[in-house]
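Student: Input structure: my_file25.cif, which contains mmCIF, C-alpha atoms.
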data_final
loop_
_atom_site.group_PDB
_atom_site.id
_atom_site.type_symbol
_atom_site.label_atom_id
_atom_site.label_comp_id
_atom_site.auth_asym_id
_atom_site.auth_seq_id
_atom_site.Cartn_x
_atom_site.Cartn_y
_atom_site.Cartn_z
ATOM 1 C CA MET A 1111 -25.125 -22.124 -29.711
ATOM 2 C CA PHE A 1112 -26.407 -19.361 -27.475
ATOM 3 C CA THR A 1113 -27.212 -15.917 -28.741
ATOM 4 C CA LYS A 1114 -25.564 -12.927 -27.091
ATOM 5 C CA LEU A 1115 -28.777 -12.179 -25.193
ATOM 6 C CA GLN A 1116 -29.141 -15.787 -24.046
ATOM 7 C CA ARG A 1117 -25.541 -15.882 -22.810
ATOM 8 C CA SER A 1118 -26.092 -12.647 -20.912
ATOM 9 C CA LEU A 1119 -29.256 -13.995 -19.270
ATOM 10 C CA LEU A 1120 -27.514 -17.276 -18.400
ATOM 11 C CA ILE A 1121 -24.561 -15.476 -16.781
ATOM 12 C CA THR A 1122 -26.926 -13.232 -14.808
ATOM 13 C CA THR A 1123 -28.915 -16.268 -13.631
ATOM 14 C CA ILE A 1124 -25.776 -18.151 -12.553
ATOM 15 C CA LYS A 1125 -24.494 -15.116 -10.663
ATOM 16 C CA GLY A 1126 -27.853 -14.816 -8.939
ATOM 17 C CA ILE A 1127 -27.821 -18.469 -7.860
ATOM 18 C CA ILE A 1128 -24.251 -18.171 -6.590
ATOM 19 C CA GLY A 1129 -25.232 -15.026 -4.696
ATOM 20 C CA ILE A 1130 -28.040 -16.918 -2.949
ATOM 21 C CA ILE A 1131 -25.903 -19.940 -2.059
ATOM 22 C CA PHE A 1132 -22.767 -17.924 -1.204
ATOM 23 C CA PRO A 1133 -23.905 -14.410 -0.239
ATOM 24 C CA LYS A 1134 -21.239 -11.721 -0.505
ATOM 25 C CA ALA A 1135 -19.869 -10.555 2.826
ATOM 26 C CA CYS A 1136 -18.173 -7.385 4.024
ATOM 27 C CA VAL A 1137 -14.422 -8.007 3.889
ATOM 28 C CA SER A 1138 -13.988 -6.124 7.157
ATOM 29 C CA CYS A 1139 -16.692 -7.347 9.536
ATOM 30 C CA GLY A 1140 -18.164 -10.324 7.650
ATOM 31 C CA ARG A 1141 -21.723 -9.030 7.555
ATOM 32 C CA THR A 1142 -23.747 -10.200 4.557
ATOM 33 C CA LEU A 1143 -24.000 -7.492 1.910
ATOM 34 C CA LEU A 1144 -27.547 -6.889 0.725
ATOM 35 C CA ASP A 1145 -26.427 -5.634 -2.683
ATOM 36 C CA ASP A 1146 -23.388 -6.025 -4.917
ATOM 37 C CA ASN A 1147 -22.080 -2.469 -4.734
ATOM 38 C CA GLY A 1148 -18.678 -3.059 -3.197
ATOM 39 C CA TYR A 1149 -16.557 -4.849 -0.609
ATOM 40 C CA PHE A 1150 -17.847 -3.206 2.577
ATOM 41 C CA CYS A 1151 -21.041 -2.783 4.526
ATOM 42 C CA ASP A 1152 -22.112 0.847 4.961
ATOM 43 C CA LYS A 1153 -20.803 1.059 8.531
ATOM 44 C CA CYS A 1154 -17.301 -0.254 7.771
ATOM 45 C CA TYR A 1155 -16.942 1.918 4.688
ATOM 46 C CA ALA A 1156 -18.028 4.992 6.657
ATOM 47 C CA ASP A 1157 -15.288 4.206 9.201
ATOM 48 C CA ILE A 1158 -12.533 4.549 6.576
ATOM 49 C CA SER A 1159 -10.838 7.946 6.884
ATOM 50 C CA PHE A 1160 -9.496 8.605 3.395
ATOM 51 C CA ILE A 1161 -6.645 11.113 3.364
ATOM 52 C CA LYS A 1162 -7.331 14.223 1.323
ATOM 53 C CA SER A 1163 -5.979 17.752 1.105
ATOM 54 C CA PRO A 1164 -4.784 19.689 2.969
ATOM 55 C CA LEU A 1165 -1.683 17.583 3.510
ATOM 56 C CA CYS A 1166 2.105 17.874 3.481
ATOM 57 C CA LYS A 1167 3.409 18.223 -0.060
ATOM 58 C CA LYS A 1168 6.337 15.950 0.785
ATOM 59 C CA CYS A 1169 5.398 13.213 3.269
ATOM 60 C CA GLY A 1170 1.616 13.367 2.844
ATOM 61 C CA ALA A 1171 0.809 13.939 6.516
ATOM 62 C CA PRO A 1172 -2.767 15.261 6.717
ATOM 63 C CA PHE A 1173 -3.477 18.605 8.387
ATOM 64 C CA LEU A 1174 -6.473 19.191 10.642
ATOM 65 C CA SER A 1175 -7.070 22.790 9.634
ATOM 66 C CA ALA A 1176 -8.452 23.825 6.242
ATOM 67 C CA GLY A 1177 -6.226 25.384 3.616
ATOM 68 C CA ASP A 1178 -3.832 24.550 0.810
ATOM 69 C CA ASP A 1179 -1.245 21.778 0.778
ATOM 70 C CA HIS A 1180 2.089 22.859 2.269
ATOM 71 C CA PHE A 1181 5.216 21.371 3.843
ATOM 72 C CA CYS A 1182 4.954 20.095 7.402
ATOM 73 C CA GLY A 1183 7.481 21.184 10.050
ATOM 74 C CA ASP A 1184 9.349 17.877 9.926
ATOM 75 C CA CYS A 1185 9.833 18.030 6.156
ATOM 76 C CA ILE A 1186 10.995 21.642 6.386
ATOM 77 C CA CYS A 1187 13.592 20.753 9.028
ATOM 78 C CA LYS A 1188 14.700 17.328 7.774
ATOM 79 C CA GLU A 1189 15.673 16.198 4.282
ATOM 80 C CA LYS A 1190 13.725 13.146 3.074
ATOM 81 C CA PRO A 1191 15.214 10.592 0.628
ATOM 82 C CA PHE A 1192 11.930 10.339 -1.280
ATOM 83 C CA VAL A 1193 10.348 12.969 -3.529
ATOM 84 C CA VAL A 1194 6.832 12.339 -2.281
ATOM 85 C CA ALA A 1195 4.991 9.921 0.022
ATOM 86 C CA ARG A 1196 1.256 9.320 -0.014
ATOM 87 C CA ALA A 1197 -1.147 7.068 1.902
ATOM 88 C CA MET A 1198 -4.735 6.232 1.011
ATOM 89 C CA ALA A 1199 -6.232 6.379 4.512
ATOM 90 C CA ARG A 1200 -5.539 6.962 8.173
ATOM 91 C CA TYR A 1201 -4.481 3.886 10.111
ATOM 92 C CA ASP A 1202 -7.610 3.424 12.195
ATOM 93 C CA ALA A 1203 -10.941 1.573 12.485
ATOM 94 C CA THR A 1204 -11.723 -0.535 9.398
ATOM 95 C CA ILE A 1205 -8.246 -0.151 7.877
ATOM 96 C CA VAL A 1206 -6.490 -1.404 11.039
ATOM 97 C CA LYS A 1207 -8.737 -4.450 11.104
ATOM 98 C CA MET A 1208 -8.159 -5.263 7.437
ATOM 99 C CA ILE A 1209 -4.397 -4.801 7.466
ATOM 100 C CA SER A 1210 -4.085 -6.911 10.617
ATOM 101 C CA SER A 1211 -6.209 -9.664 9.064
ATOM 102 C CA PHE A 1212 -4.140 -9.461 5.889
ATOM 103 C CA LYS A 1213 -0.653 -9.444 7.450
ATOM 104 C CA TYR A 1214 -1.062 -11.715 10.437
ATOM 105 C CA HIS A 1215 -3.949 -14.029 9.506
ATOM 106 C CA ARG A 1216 -3.203 -14.610 5.801
ATOM 107 C CA ASN A 1217 -6.422 -12.938 4.655
ATOM 108 C CA ILE A 1218 -5.251 -12.394 1.081
ATOM 109 C CA VAL A 1219 -8.741 -11.293 -0.007
ATOM 110 C CA ALA A 1220 -8.503 -8.353 2.401
ATOM 111 C CA GLY A 1221 -5.076 -7.464 0.993
ATOM 112 C CA GLU A 1222 -6.208 -7.688 -2.606
ATOM 113 C CA THR A 1223 -9.232 -5.538 -1.784
ATOM 114 C CA LEU A 1224 -6.979 -2.869 -0.277
ATOM 115 C CA ALA A 1225 -4.713 -3.048 -3.335
ATOM 116 C CA ARG A 1226 -7.630 -2.480 -5.727
ATOM 117 C CA MET A 1227 -8.761 0.472 -3.636
ATOM 118 C CA LEU A 1228 -5.198 1.785 -3.724
ATOM 119 C CA ALA A 1229 -5.120 1.511 -7.517
ATOM 120 C CA ARG A 1230 -8.334 3.542 -7.869
ATOM 121 C CA HIS A 1231 -7.536 6.183 -5.262
ATOM 122 C CA GLU A 1232 -6.700 9.721 -6.368
ATOM 123 C CA PHE A 1233 -3.596 10.857 -4.467
ATOM 124 C CA ALA A 1234 -3.222 14.615 -4.125
ATOM 125 C CA GLY A 1235 0.075 15.871 -5.520
ATOM 126 C CA PHE A 1236 1.113 12.488 -6.912
ATOM 127 C CA GLU A 1237 1.335 11.697 -10.622
ATOM 128 C CA LYS A 1238 1.549 7.984 -11.369
ATOM 129 C CA GLU A 1239 2.470 8.805 -14.963
ATOM 130 C CA ASP A 1240 5.914 9.831 -13.688
ATOM 131 C CA ILE A 1241 6.668 6.322 -12.370
ATOM 132 C CA ASP A 1242 8.865 3.866 -14.297
ATOM 133 C CA ILE A 1243 8.902 0.796 -12.039
ATOM 134 C CA ILE A 1244 7.226 -0.452 -8.863
ATOM 135 C CA ILE A 1245 9.193 -2.057 -6.011
ATOM 136 C CA PRO A 1246 7.622 -3.536 -2.841
ATOM 137 C CA VAL A 1247 9.351 -3.141 0.505
ATOM 138 C CA PRO A 1248 11.010 -6.559 0.936
ATOM 139 C CA LEU A 1249 10.836 -8.966 3.865
ATOM 140 C CA HIS A 1250 13.810 -10.845 5.234
ATOM 141 C CA ALA A 1251 13.857 -14.489 4.104
ATOM 142 C CA LYS A 1252 13.199 -15.714 7.654
ATOM 143 C CA ARG A 1253 10.118 -13.509 8.064
ATOM 144 C CA LEU A 1254 8.922 -14.498 4.591
ATOM 145 C CA ARG A 1255 9.092 -18.187 5.520
ATOM 146 C CA GLU A 1256 7.139 -17.533 8.716
ATOM 147 C CA ARG A 1257 4.437 -15.455 7.020
ATOM 148 C CA SER A 1258 4.488 -17.354 3.667
ATOM 149 C CA PHE A 1259 3.927 -14.117 1.714
ATOM 150 C CA ASN A 1260 5.080 -10.499 1.532
ATOM 151 C CA GLN A 1261 2.121 -8.173 2.068
ATOM 152 C CA ALA A 1262 3.853 -5.350 0.181
ATOM 153 C CA LEU A 1263 4.355 -7.619 -2.831
ATOM 154 C CA VAL A 1264 0.656 -8.569 -2.886
ATOM 155 C CA LEU A 1265 -0.206 -4.854 -2.993
ATOM 156 C CA ALA A 1266 2.480 -4.057 -5.575
ATOM 157 C CA LYS A 1267 1.428 -6.859 -7.950
ATOM 158 C CA ILE A 1268 -2.130 -5.575 -8.240
ATOM 159 C CA LEU A 1269 -0.963 -1.968 -8.461
ATOM 160 C CA SER A 1270 1.474 -2.939 -11.225
ATOM 161 C CA LYS A 1271 -1.253 -4.680 -13.217
ATOM 162 C CA ALA A 1272 -3.830 -1.916 -12.719
ATOM 163 C CA TRP A 1273 -1.415 0.885 -13.614
ATOM 164 C CA LYS A 1274 0.352 -1.148 -16.334
ATOM 165 C CA MET A 1275 3.807 -0.584 -14.847
ATOM 166 C CA PRO A 1276 6.752 -3.005 -14.512
ATOM 167 C CA LEU A 1277 7.113 -4.750 -11.155
ATOM 168 C CA CYS A 1278 10.611 -5.373 -9.811
ATOM 169 C CA PHE A 1279 10.651 -7.454 -6.629
ATOM 170 C CA GLU A 1280 14.095 -9.079 -6.622
ATOM 171 C CA THR A 1281 16.376 -6.055 -6.893
ATOM 172 C CA LEU A 1282 15.878 -4.643 -3.385
ATOM 173 C CA ILE A 1283 16.334 -7.211 -0.603
ATOM 174 C CA LYS A 1284 16.335 -7.180 3.182
ATOM 175 C CA HIS A 1285 19.529 -8.968 4.187
ATOM 176 C CA ILE A 1286 19.356 -8.298 7.944
ATOM 177 C CA ASP A 1287 16.597 -9.809 10.070
ATOM 178 C CA THR A 1288 15.681 -6.852 12.262
ATOM 179 C CA ALA A 1289 13.488 -6.839 15.345
ATOM 180 C CA GLU A 1290 9.819 -5.902 15.001
ATOM 181 C CA GLN A 1291 9.294 -2.144 14.661
ATOM 182 C CA VAL A 1292 6.026 -2.234 16.630
ATOM 183 C CA GLY A 1293 6.420 -0.481 19.973
ATOM 184 C CA LEU A 1294 9.600 1.374 19.051
ATOM 185 C CA HIS A 1295 9.725 5.180 18.931
ATOM 186 C CA SER A 1296 11.072 7.074 15.918
ATOM 187 C CA LEU A 1297 14.790 7.054 16.759
ATOM 188 C CA GLU A 1298 14.687 3.396 17.816
ATOM 189 C CA ARG A 1299 12.995 2.494 14.546
ATOM 190 C CA GLU A 1300 15.658 4.292 12.518
ATOM 191 C CA LYS A 1301 18.461 2.570 14.427
ATOM 192 C CA ASN A 1302 16.747 -0.820 14.191
ATOM 193 C CA ILE A 1303 16.285 -0.693 10.407
ATOM 194 C CA LYS A 1304 19.580 1.027 9.489
ATOM 195 C CA GLY A 1305 21.613 -0.985 6.982
ATOM 196 C CA ALA A 1306 18.985 -3.730 6.724
ATOM 197 C CA PHE A 1307 18.419 -3.350 2.962
ATOM 198 C CA MET A 1308 20.695 -3.771 -0.027
ATOM 199 C CA LEU A 1309 20.533 -3.947 -3.816
ATOM 200 C CA LYS A 1310 20.940 -7.368 -5.354
ATOM 201 C CA ASP A 1311 20.997 -5.952 -8.885
ATOM 202 C CA ARG A 1312 21.030 -2.212 -9.599
ATOM 203 C CA VAL A 1313 20.570 -2.422 -13.387
ATOM 204 C CA ALA A 1314 16.758 -2.316 -13.151
ATOM 205 C CA ILE A 1315 16.675 0.961 -11.207
ATOM 206 C CA VAL A 1316 19.459 3.090 -12.706
ATOM 207 C CA GLY A 1317 17.970 6.313 -14.035
ATOM 208 C CA LYS A 1318 14.427 5.173 -13.161
ATOM 209 C CA ASN A 1319 11.649 6.855 -11.189
ATOM 210 C CA VAL A 1320 10.848 4.190 -8.595
ATOM 211 C CA LEU A 1321 7.582 3.740 -6.698
ATOM 212 C CA LEU A 1322 8.129 2.034 -3.341
ATOM 213 C CA VAL A 1323 5.034 0.233 -2.001
ATOM 214 C CA ASP A 1324 4.257 -0.806 1.588
ATOM 215 C CA ASP A 1325 1.214 -1.350 3.790
ATOM 216 C CA VAL A 1326 1.655 1.250 6.561
ATOM 217 C CA TYR A 1327 3.666 4.476 6.963
ATOM 218 C CA THR A 1328 4.309 4.979 10.673
ATOM 219 C CA THR A 1329 7.414 7.096 11.212
ATOM 220 C CA GLY A 1330 8.626 6.430 7.674
ATOM 221 C CA SER A 1331 11.880 4.842 8.893
ATOM 222 C CA THR A 1332 11.494 1.705 6.740
ATOM 223 C CA VAL A 1333 10.642 3.431 3.459
ATOM 224 C CA LYS A 1334 13.294 6.103 4.083
ATOM 225 C CA GLU A 1335 15.968 3.438 4.553
ATOM 226 C CA CYS A 1336 14.813 1.684 1.367
ATOM 227 C CA ALA A 1337 14.789 4.985 -0.523
ATOM 228 C CA LYS A 1338 18.365 5.758 0.586
ATOM 229 C CA VAL A 1339 19.562 2.428 -0.825
ATOM 230 C CA LEU A 1340 17.675 2.966 -4.103
ATOM 231 C CA ASN A 1341 19.039 6.493 -4.471
ATOM 232 C CA ALA A 1342 22.588 5.322 -3.774
ATOM 233 C CA GLY A 1343 22.106 2.607 -6.394
ATOM 234 C CA GLY A 1344 21.301 5.092 -9.136
ATOM 235 C CA ALA A 1345 17.539 5.596 -9.043
ATOM 236 C CA LYS A 1346 16.482 8.918 -10.556
ATOM 237 C CA SER A 1347 13.860 9.397 -7.831
ATOM 238 C CA VAL A 1348 11.861 7.450 -5.257
ATOM 239 C CA ALA A 1349 8.189 7.979 -4.435
ATOM 240 C CA VAL A 1350 6.253 6.101 -1.741
ATOM 241 C CA ILE A 1351 2.686 4.770 -1.671
ATOM 242 C CA THR A 1352 1.122 3.009 1.315
ATOM 243 C CA VAL A 1353 -2.368 1.842 2.157
ATOM 244 C CA ALA A 1354 -2.389 3.752 5.430
ATOM 245 C CA ARG A 1355 -0.395 5.991 7.703
ATOM 246 C CA THR A 1356 -0.525 6.659 11.399
ATOM 247 C CA THR A 1357 -1.458 10.188 12.409
ATOM 248 C CA THR A 1358 -1.185 12.137 15.631
#
In structure tokens, what does this structure look like?
Tutor:
Amino acid sequence: MFTKLQRSLLITTIKGIIGIIFPKACVSCGRTLLDDNGYFCDKCYADISFIKSPLCKKCGAPFLSAGDDHFCGDCICKEKPFVVARAMARYDATIVKMISSFKYHRNIVAGETLARMLARHEFAGFEKEDIDIIIPVPLHAKRLRERSFNQALVLAKILSKAWKMPLCFETLIKHIDTAEQVGLHSLEREKNIKGAFMLKDRVAIVGKNVLLVDDVYTTGSTVKECAKVLNAGGAKSVAVITVARTTT
């Protein structure tokens, strides 16, 4: 039998040996990390543009000028089907590289890393205590077979566990296999995604505050279409969280 101190020393020794044989690498660029203080090298972490105030109270779009949070022009002019949308970082540099590696090259470690960062991030004007259930943006069955996983579900699973909230991933489905949104402008995206989602079972969402999770908020057409379906199905409210969002 080992004493508590001996077990601690043994674990530390084993970790040290593993660290020598399999040195920890930056999940973004692959450089060997000299210490065990995180997932990124200093350069890659410095390249992450975390979104902070001031930003739009509704859609979360960051503002360049200093000041308080307020509504952006688009949210003043157009009604949104969600109560609030927030993203952790701007879609550039390190984040682009990680999301691309995650989605298109099956780098699940990169996705799980982003999800853990998402779970720890403090979102301005968003209260996770108000959420009842978490729903990932679904993929069509054909796209799921091609990719072998849903990136939004990977994010949502870790978020659900970290925040101790129920995960519901079979209620909202994508029943139309739409064309890729990449390269389409805002109106084309809205037309392309319109009617693509449906509720398989509305019982889980009736009267609930739903958190919709996805990887990137571009024009918001996908999450807005999902939110419309959830609202029509009886959800009390829909909020949106993404890893990143594009900015102009």
Student: Would you mind telling me which residue in A:His1295, A:Lys1304, A:His1180, A:Arg1200 lies nearest to Ser1163 in chain A when using all atoms listed in the file?
Tutor: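 Counting all atoms listed in the file, the residue closest to Ser1163 in chain A is A:His1180.
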Student: Env of Ala1220 in chain A: 10 Å cut, atoms = all atoms listed in the file, seq-sep filter 2 positions within chain, self excluded. Answer as a list in words.
Tutor: Cys1136, Val1137, Ser1138, Tyr1149, Ile1205, Lys1207, Met1208, Ile1209, Ser1210, Ser1211, Phe1212, Lys1213, Arg1216, Asn1217, Ile1218, Glu1222, Thr1223, Leu1224 and Ala1225 of chain A
Student: What lies within 10 Å of range 1307-1319 of chain A using all atoms listed in the file, ignoring chain neighbours under 3 positions off, as a PDB file with C-alpha atoms, in the frame of the given file?
Tutor:
ATOM      1  CA  VAL A1193      10.348  12.969  -3.529  1.00  0.00           C
ATOM      2  CA  ASP A1240       5.914   9.831 -13.688  1.00  0.00           C
ATOM      3  CA  ILE A1241       6.668   6.322 -12.370  1.00  0.00           C
ATOM      4  CA  ASP A1242       8.865   3.866 -14.297  1.00  0.00           C
ATOM      5  CA  ILE A1243       8.902   0.796 -12.039  1.00  0.00           C
ATOM      6  CA  ILE A1244       7.226  -0.452  -8.863  1.00  0.00           C
ATOM      7  CA  ILE A1245       9.193  -2.057  -6.011  1.00  0.00           C
ATOM      8  CA  VAL A1247       9.351  -3.141   0.505  1.00  0.00           C
ATOM      9  CA  PRO A1248      11.010  -6.559   0.936  1.00  0.00           C
ATOM     10  CA  LEU A1249      10.836  -8.966   3.865  1.00  0.00           C
ATOM     11  CA  HIS A1250      13.810 -10.845   5.234  1.00  0.00           C
ATOM     12  CA  CYS A1278      10.611  -5.373  -9.811  1.00  0.00           C
ATOM     13  CA  GLU A1280      14.095  -9.079  -6.622  1.00  0.00           C
ATOM     14  CA  THR A1281      16.376  -6.055  -6.893  1.00  0.00           C
ATOM     15  CA  LEU A1282      15.878  -4.643  -3.385  1.00  0.00           C
ATOM     16  CA  ILE A1283      16.334  -7.211  -0.603  1.00  0.00           C
ATOM     17  CA  LYS A1284      16.335  -7.180   3.182  1.00  0.00           C
ATOM     18  CA  HIS A1285      19.529  -8.968   4.187  1.00  0.00           C
ATOM     19  CA  ILE A1286      19.356  -8.298   7.944  1.00  0.00           C
ATOM     20  CA  ASP A1287      16.597  -9.809  10.070  1.00  0.00           C
ATOM     21  CA  ILE A1303      16.285  -0.693  10.407  1.00  0.00           C
ATOM     22  CA  LYS A1304      19.580   1.027   9.489  1.00  0.00           C
ATOM     23  CA  LEU A1322       8.129   2.034  -3.341  1.00  0.00           C
ATOM     24  CA  THR A1332      11.494   1.705   6.740  1.00  0.00           C
ATOM     25  CA  GLU A1335      15.968   3.438   4.553  1.00  0.00           C
ATOM     26  CA  CYS A1336      14.813   1.684   1.367  1.00  0.00           C
ATOM     27  CA  ALA A1337      14.789   4.985  -0.523  1.00  0.00           C
ATOM     28  CA  LYS A1338      18.365   5.758   0.586  1.00  0.00           C
ATOM     29  CA  VAL A1339      19.562   2.428  -0.825  1.00  0.00           C
ATOM     30  CA  LEU A1340      17.675   2.966  -4.103  1.00  0.00           C
ATOM     31  CA  ASN A1341      19.039   6.493  -4.471  1.00  0.00           C
ATOM     32  CA  ALA A1342      22.588   5.322  -3.774  1.00  0.00           C
ATOM     33  CA  GLY A1343      22.106   2.607  -6.394  1.00  0.00           C
ATOM     34  CA  GLY A1344      21.301   5.092  -9.136  1.00  0.00           C
ATOM     35  CA  ALA A1345      17.539   5.596  -9.043  1.00  0.00           C
ATOM     36  CA  LYS A1346      16.482   8.918 -10.556  1.00  0.00           C
ATOM     37  CA  SER A1347      13.860   9.397  -7.831  1.00  0.00           C
ATOM     38  CA  VAL A1348      11.861   7.450  -5.257  1.00  0.00           C
ATOM     39  CA  ALA A1349       8.189   7.979  -4.435  1.00  0.00           C
TER      40      ALA A1349
END
Student: On this file, the PyMOL selection byres ((chain A and resi 1162) around 8) gives some set of residues; write that set as JSON, numbers by chain.
Tutor: {"A": [1160, 1161, 1163, 1164, 1165, 1172, 1233, 1234]}
Student: Could you please take those selected residues and save C-alpha atoms as a PDB file, in the coordinates of the input?
Tutor:
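What follows is the written file part.pdb:
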ATOM      1  CA  PHE A1160      -9.496   8.605   3.395  1.00  0.00           C
ATOM      2  CA  ILE A1161      -6.645  11.113   3.364  1.00  0.00           C
ATOM      3  CA  SER A1163      -5.979  17.752   1.105  1.00  0.00           C
ATOM      4  CA  PRO A1164      -4.784  19.689   2.969  1.00  0.00           C
ATOM      5  CA  LEU A1165      -1.683  17.583   3.510  1.00  0.00           C
ATOM      6  CA  PRO A1172      -2.767  15.261   6.717  1.00  0.00           C
ATOM      7  CA  PHE A1233      -3.596  10.857  -4.467  1.00  0.00           C
ATOM      8  CA  ALA A1234      -3.222  14.615  -4.125  1.00  0.00           C
TER       9      ALA A1234
END
Student: When distances are computed from only C-alpha atoms, which of A:Leu1228, A:Ala1262, A:Leu1174, A:Ala1251 shows the smallest separation from Ala1197 in chain A?
Tutor: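 Nearest to Ala1197 in chain A: A:Leu1228.
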Student: Would you work out the distance separating CA of His1215 in chain A from CA of Lys1301 in chain A, expressed in Å to one decimal?
Tutor: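 About the pair CA of His1215 in chain A and CA of Lys1301 in chain A: they are 28.3 Å apart.
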Student: Report the distance between CA of Trp1273 in chain A and CA of Asp1179 in chain A in Å, rounded to one decimal place.
Tutor: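 Between CA of Trp1273 in chain A and CA of Asp1179 in chain A the gap works out to 25.4 Å.
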Student: Hey, can you check how far CA of Lys1274 in chain A sits from CA of Val1320 in chain A?
Tutor: 14.1 Å
Student: Counting only C-alpha atoms, which residue out of A:Ala1289, A:Val1194, A:Ala1203, A:Val1264 sits closest to Val1333 in chain A?
Tutor: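 Selected residue with least distance to Val1333 in chain A: A:Val1194.
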Student: Taking every listed atom of range 1279-1293 of chain A and adding 8 Å to each side, what centre and edge lengths in Å (one decimal) does the axis-aligned box have, as JSON?
Tutor:
{"center_x": 12.8, "center_y": -5.1, "center_z": 6.5, "size_x": 29.5, "size_y": 25.3, "size_z": 42.9}
Student: Report the residues retrieved by the PyMOL selection byres ((chain A and resi 1154) around 9) from the displayed file, expressed as a PDB file with C-alpha atoms, in the frame of the given file.
Tutor:
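The resulting file, result21.pdb, is shown below:
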ATOM      1  CA  CYS A1136     -18.173  -7.385   4.024  1.00  0.00           C
ATOM      2  CA  SER A1138     -13.988  -6.124   7.157  1.00  0.00           C
ATOM      3  CA  CYS A1139     -16.692  -7.347   9.536  1.00  0.00           C
ATOM      4  CA  PHE A1150     -17.847  -3.206   2.577  1.00  0.00           C
ATOM      5  CA  CYS A1151     -21.041  -2.783   4.526  1.00  0.00           C
ATOM      6  CA  ASP A1152     -22.112   0.847   4.961  1.00  0.00           C
ATOM      7  CA  LYS A1153     -20.803   1.059   8.531  1.00  0.00           C
ATOM      8  CA  TYR A1155     -16.942   1.918   4.688  1.00  0.00           C
ATOM      9  CA  ALA A1156     -18.028   4.992   6.657  1.00  0.00           C
ATOM     10  CA  ASP A1157     -15.288   4.206   9.201  1.00  0.00           C
ATOM     11  CA  ILE A1158     -12.533   4.549   6.576  1.00  0.00           C
ATOM     12  CA  ALA A1203     -10.941   1.573  12.485  1.00  0.00           C
ATOM     13  CA  THR A1204     -11.723  -0.535   9.398  1.00  0.00           C
TER      14      THR A1204
END
Student: For Arg1230 in chain A, which residue among A:Cys1169, A:Cys1185, A:Met1198, A:Ala1266 is the nearest when counting only C-alpha atoms?
Tutor: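 Closest candidate: A:Met1198.
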Student: Identify which of the residues A:Glu1239, A:Asp1324, A:Glu1290, A:Glu1232 lies closest to Leu1265 in chain A, counting all atoms listed in the file when measuring atom-to-atom distances.
Tutor: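 The answer is A:Asp1324, which sits nearest to Leu1265 in chain A.
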Student: When distances are computed from all atoms listed in the file, which of A:Gly1305, A:Gly1170, A:Gly1140, A:Gly1293 shows the smallest separation from Asp1184 in chain A?
Tutor: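 The closest residue to Asp1184 in chain A is A:Gly1170.
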Student: For range 1331-1342 of chain A, supply N, CA and C atoms and format the output as a compact mmCIF listing (two decimals), in the frame of the given file.
Tutor:
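Result file is result-v1.txt:
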# COMPACT_ATOMS: atom_id res chain seq x y z
N SER A 1331 10.49 5.31 8.80
CA SER A 1331 11.88 4.84 8.89
C SER A 1331 12.19 3.73 7.89
N THR A 1332 11.25 2.82 7.67
CA THR A 1332 11.49 1.70 6.74
C THR A 1332 11.59 2.18 5.30
N VAL A 1333 10.62 2.97 4.86
CA VAL A 1333 10.64 3.43 3.46
C VAL A 1333 11.79 4.41 3.22
N LYS A 1334 12.16 5.18 4.24
CA LYS A 1334 13.29 6.10 4.08
C LYS A 1334 14.60 5.33 3.92
N GLU A 1335 14.76 4.25 4.68
CA GLU A 1335 15.97 3.44 4.55
C GLU A 1335 16.03 2.77 3.18
N CYS A 1336 14.87 2.27 2.71
CA CYS A 1336 14.81 1.68 1.37
C CYS A 1336 15.14 2.73 0.30
N ALA A 1337 14.57 3.91 0.45
CA ALA A 1337 14.79 4.99 -0.52
C ALA A 1337 16.26 5.38 -0.59
N LYS A 1338 16.94 5.42 0.56
CA LYS A 1338 18.36 5.76 0.59
C LYS A 1338 19.17 4.76 -0.24
N VAL A 1339 18.86 3.47 -0.09
CA VAL A 1339 19.56 2.43 -0.82
C VAL A 1339 19.29 2.55 -2.32
N LEU A 1340 18.04 2.82 -2.69
CA LEU A 1340 17.68 2.97 -4.10
C LEU A 1340 18.35 4.19 -4.72
N ASN A 1341 18.37 5.27 -3.99
CA ASN A 1341 19.04 6.49 -4.47
C ASN A 1341 20.54 6.26 -4.67
N ALA A 1342 21.15 5.60 -3.69
CA ALA A 1342 22.59 5.32 -3.77
C ALA A 1342 22.90 4.38 -4.94
